[in-house]
Amino acid sequence: MKKIPIPLPVFILVGAAVITAFLLFFQPQPEKSDAPRPLANIEVLTVHPENIQLSVTSQGTALPLTESDLAIEVSGRVIAVADNFRPGGYFEKGDILLEIDPLDYRAALAARVAELAQAKLALAQEKALSDQAKVDWESIGKGKPSPLTLRLPQLEYAQAAVASASAAHESAKADLQRTKVRAPYNGRVLEKNIDLGQLTDPNPAKPAARIYASEAA
């Protein structure tokens, strides 16, 4: 039988494979161990509540919390103006900023006082007549008297006249008080639309001034 020669490179490859398999099989195994867990650093602080004031630097426009039109409720000529009734002027609540001629309103109040007194007099007379009518009926009358016999409608009319005259009197007194325009709060004048000698117009669309409160912004 004829033998087939094996090339040298083949012997080299086979030998290398055997040696590699031998090394892999008999290689030392690493020991197994649990790795230690890392420890975290913790800082502990004891806190206590306290009040602090923070400062914030900013810029802008301060607007008043209250800004309103100063309206005049009665007509007439301005006879007095306060020195502080001007743009930028400071006033306090209750200060008289301007005054309107009160002559006509004093006369109207006097007339209302007279009307009220007359109405009260008429009421007293009607009450006396009603009481007398009741006495007369009890002495000479029979049955139930009618309201007209006891003058009850006349008495009610006199009472209504007193109420009406009293309301007119209060209105005239209020109009006289309105001739003195007072400041509604502490503040400053922003705009001024009327001055000494001018005629006032009790129209909300035409205010005497624009004012604002200075206590809060």
# chains A, B, ... in the order shown; residues from 1 in each chain; ligands from 1

call {"tool": "residues_around", "arguments": {"residues": "stretch 168-174 of chain A", "least_positions_apart": "3", "cutoff": "12 Å", "atoms": "only C-alpha atoms", "output": "mmCIF file with C-alpha atoms, in the first residue's frame"}}
result
data_model
loop_
_atom_site.group_PDB
_atom_site.id
_atom_site.type_symbol
_atom_site.label_atom_id
_atom_site.label_comp_id
_atom_site.auth_asym_id
_atom_site.auth_seq_id
_atom_site.Cartn_x
_atom_site.Cartn_y
_atom_site.Cartn_z
ATOM 1 C CA GLU A 73 -72.478 117.468 43.424
ATOM 2 C CA VAL A 74 -73.868 121.033 43.348
ATOM 3 C CA PRO A 102 -73.469 128.751 49.558
ATOM 4 C CA ASP A 104 -78.559 130.081 47.294
ATOM 5 C CA TYR A 105 -78.347 126.852 49.266
ATOM 6 C CA ARG A 106 -78.730 128.643 52.596
ATOM 7 C CA ALA A 107 -81.844 130.312 51.255
ATOM 8 C CA ALA A 108 -83.197 126.980 50.022
ATOM 9 C CA LEU A 109 -82.524 125.403 53.414
ATOM 10 C CA ALA A 110 -84.330 128.235 55.189
ATOM 11 C CA ALA A 111 -87.360 127.714 52.926
ATOM 12 C CA ARG A 112 -87.361 123.977 53.653
ATOM 13 C CA VAL A 113 -87.181 124.696 57.389
ATOM 14 C CA ALA A 114 -90.257 126.928 57.099
ATOM 15 C CA GLU A 115 -92.121 124.301 55.058
ATOM 16 C CA LEU A 116 -91.336 121.633 57.624
ATOM 17 C CA ALA A 117 -92.542 123.833 60.466
ATOM 18 C CA ALA A 119 -96.306 120.893 57.864
ATOM 19 C CA ALA A 161 -96.825 116.222 54.258
ATOM 20 C CA VAL A 162 -94.544 116.255 57.302
ATOM 21 C CA ALA A 163 -92.556 113.296 55.937
ATOM 22 C CA SER A 164 -92.164 115.003 52.552
ATOM 23 C CA ALA A 165 -91.144 118.324 54.116
ATOM 24 C CA GLN A 177 -72.895 120.762 53.091
ATOM 25 C CA ARG A 178 -71.848 119.786 49.555
ATOM 26 C CA THR A 179 -70.827 123.385 48.808
ATOM 27 C CA LYS A 180 -67.675 122.523 50.763
ATOM 28 C CA VAL A 181 -65.835 119.827 48.816
#

call {"tool": "atom_distance", "arguments": {"atom1": "atom CA of A:Ser166", "atom2": "atom CA of A:Glu99"}}
result
25.9 Å

call {"tool": "select_by_dssp", "arguments": {"residues": "stretch 34-144 of chain A", "states": "helix (DSSP H, G or I)", "output": "ChimeraX atom specification"}}
result
/A:103-140

call {"tool": "residues_around", "arguments": {"residues": "stretch 144-158 of chain A", "least_positions_apart": "2", "cutoff": "10 Å", "atoms": "only C-alpha atoms", "output": "list in words"}}
result
Ala119, Lys120, Leu121, Ala122, Leu123, Ala124, Gln125, Glu126, Lys127, Ala128, Leu129, Ser130, Asp131, Gln132, Ala133, Lys134, Val135, Asp136, Trp137, Glu138, Gly141, Lys142, Ala160, Ala161, Val162, Ala163 and Ser164 of chain A

call {"tool": "residues_around", "arguments": {"residues": "stretch 199-215 of chain A", "least_positions_apart": "4", "cutoff": "6 Å", "atoms": "only C-alpha atoms", "output": "number ranges by chain"}}
result
A: 66-77, 186-194

call {"tool": "write_last_selection", "arguments": {"atoms": "N, CA and C atoms", "output": "mmCIF file, in the first residue's frame"}}
result
data_model
loop_
_atom_site.group_PDB
_atom_site.id
_atom_site.type_symbol
_atom_site.label_atom_id
_atom_site.label_comp_id
_atom_site.auth_asym_id
_atom_site.auth_seq_id
_atom_site.Cartn_x
_atom_site.Cartn_y
_atom_site.Cartn_z
ATOM 1 N N THR A 66 -55.699 103.304 45.322
ATOM 2 C CA THR A 66 -56.980 103.988 45.137
ATOM 3 C C THR A 66 -56.751 105.269 44.350
ATOM 4 N N GLU A 67 -57.421 105.386 43.226
ATOM 5 C CA GLU A 67 -57.367 106.588 42.388
ATOM 6 C C GLU A 67 -58.773 106.897 41.919
ATOM 7 N N SER A 68 -59.224 108.151 42.070
ATOM 8 C CA SER A 68 -60.623 108.465 41.790
ATOM 9 C C SER A 68 -60.761 109.896 41.290
ATOM 10 N N ASP A 69 -61.939 110.157 40.713
ATOM 11 C CA ASP A 69 -62.292 111.501 40.269
ATOM 12 C C ASP A 69 -62.985 112.229 41.415
ATOM 13 N N LEU A 70 -62.606 113.476 41.632
ATOM 14 C CA LEU A 70 -63.250 114.310 42.644
ATOM 15 C C LEU A 70 -64.397 115.042 41.971
ATOM 16 N N ALA A 71 -65.612 114.546 42.190
ATOM 17 C CA ALA A 71 -66.791 115.116 41.535
ATOM 18 C C ALA A 71 -67.456 116.140 42.444
ATOM 19 N N ILE A 72 -68.087 117.137 41.825
ATOM 20 C CA ILE A 72 -68.841 118.161 42.544
ATOM 21 C C ILE A 72 -70.324 117.877 42.352
ATOM 22 N N GLU A 73 -71.080 117.880 43.462
ATOM 23 C CA GLU A 73 -72.478 117.468 43.424
ATOM 24 C C GLU A 73 -73.457 118.625 43.323
ATOM 25 N N VAL A 74 -72.983 119.867 43.462
ATOM 26 C CA VAL A 74 -73.868 121.033 43.348
ATOM 27 C C VAL A 74 -73.224 122.031 42.392
ATOM 28 N N SER A 75 -74.060 122.890 41.812
ATOM 29 C CA SER A 75 -73.571 123.903 40.879
ATOM 30 C C SER A 75 -73.421 125.235 41.595
ATOM 31 N N GLY A 76 -72.542 126.055 41.075
ATOM 32 C CA GLY A 76 -72.305 127.375 41.656
ATOM 33 C C GLY A 76 -70.921 127.870 41.303
ATOM 34 N N ARG A 77 -70.571 129.029 41.844
ATOM 35 C CA ARG A 77 -69.272 129.633 41.568
ATOM 36 C C ARG A 77 -68.304 129.294 42.696
ATOM 37 N N ASN A 186 -56.700 110.423 52.743
ATOM 38 C CA ASN A 186 -55.374 111.043 52.678
ATOM 39 C C ASN A 186 -54.767 110.760 51.300
ATOM 40 N N GLY A 187 -54.293 111.797 50.653
ATOM 41 C CA GLY A 187 -53.742 111.565 49.323
ATOM 42 C C GLY A 187 -53.148 112.811 48.704
ATOM 43 N N ARG A 188 -53.036 112.773 47.388
ATOM 44 C CA ARG A 188 -52.459 113.874 46.626
ATOM 45 C C ARG A 188 -53.302 114.155 45.384
ATOM 46 N N VAL A 189 -53.131 115.361 44.876
ATOM 47 C CA VAL A 189 -53.837 115.787 43.670
ATOM 48 C C VAL A 189 -53.011 115.383 42.460
ATOM 49 N N LEU A 190 -53.636 114.668 41.537
ATOM 50 C CA LEU A 190 -52.964 114.262 40.311
ATOM 51 C C LEU A 190 -53.227 115.265 39.187
ATOM 52 N N GLU A 191 -54.495 115.657 39.028
ATOM 53 C CA GLU A 191 -54.878 116.640 38.019
ATOM 54 C C GLU A 191 -55.899 117.602 38.629
ATOM 55 N N LYS A 192 -55.869 118.839 38.198
ATOM 56 C CA LYS A 192 -56.798 119.865 38.677
ATOM 57 C C LYS A 192 -57.519 120.468 37.483
ATOM 58 N N ASN A 193 -58.861 120.444 37.530
ATOM 59 C CA ASN A 193 -59.650 120.878 36.372
ATOM 60 C C ASN A 193 -60.516 122.102 36.654
ATOM 61 N N ILE A 194 -60.419 122.695 37.829
ATOM 62 C CA ILE A 194 -61.249 123.846 38.172
ATOM 63 C C ILE A 194 -60.447 124.773 39.070
#

call {"tool": "atom_distance", "arguments": {"atom1": "atom CA of A:Asn84", "atom2": "atom CA of A:Gly60"}}
result
27.7 Å

call {"tool": "atom_distance", "arguments": {"atom1": "atom CA of A:Asp83", "atom2": "atom CA of A:Leu63"}}
result
24.9 Å

call {"tool": "closest_residue", "arguments": {"among": "A:Ala21, A:Leu97, A:Ala216, A:Ile140", "to": "A:Pro184", "atoms": "only C-alpha atoms"}}
result
A:Leu97

call {"tool": "closest_residue", "arguments": {"among": "A:Ile100, A:Leu65, A:Pro9, A:Glu92", "to": "A:Ala80", "atoms": "only C-alpha atoms"}}
result
A:Ile100

call {"tool": "select_by_dssp", "arguments": {"residues": "stretch 28-169 of chain A", "states": "strand (DSSP E or B)", "output": "list in words"}}
result
Glu67, Ser68, Asp69, Leu70, Arg77, Val78, Ile79, Ala80, Val81, Tyr90, Phe91, Ile96, Leu97, Leu98, Glu99 and Ile100 of chain A
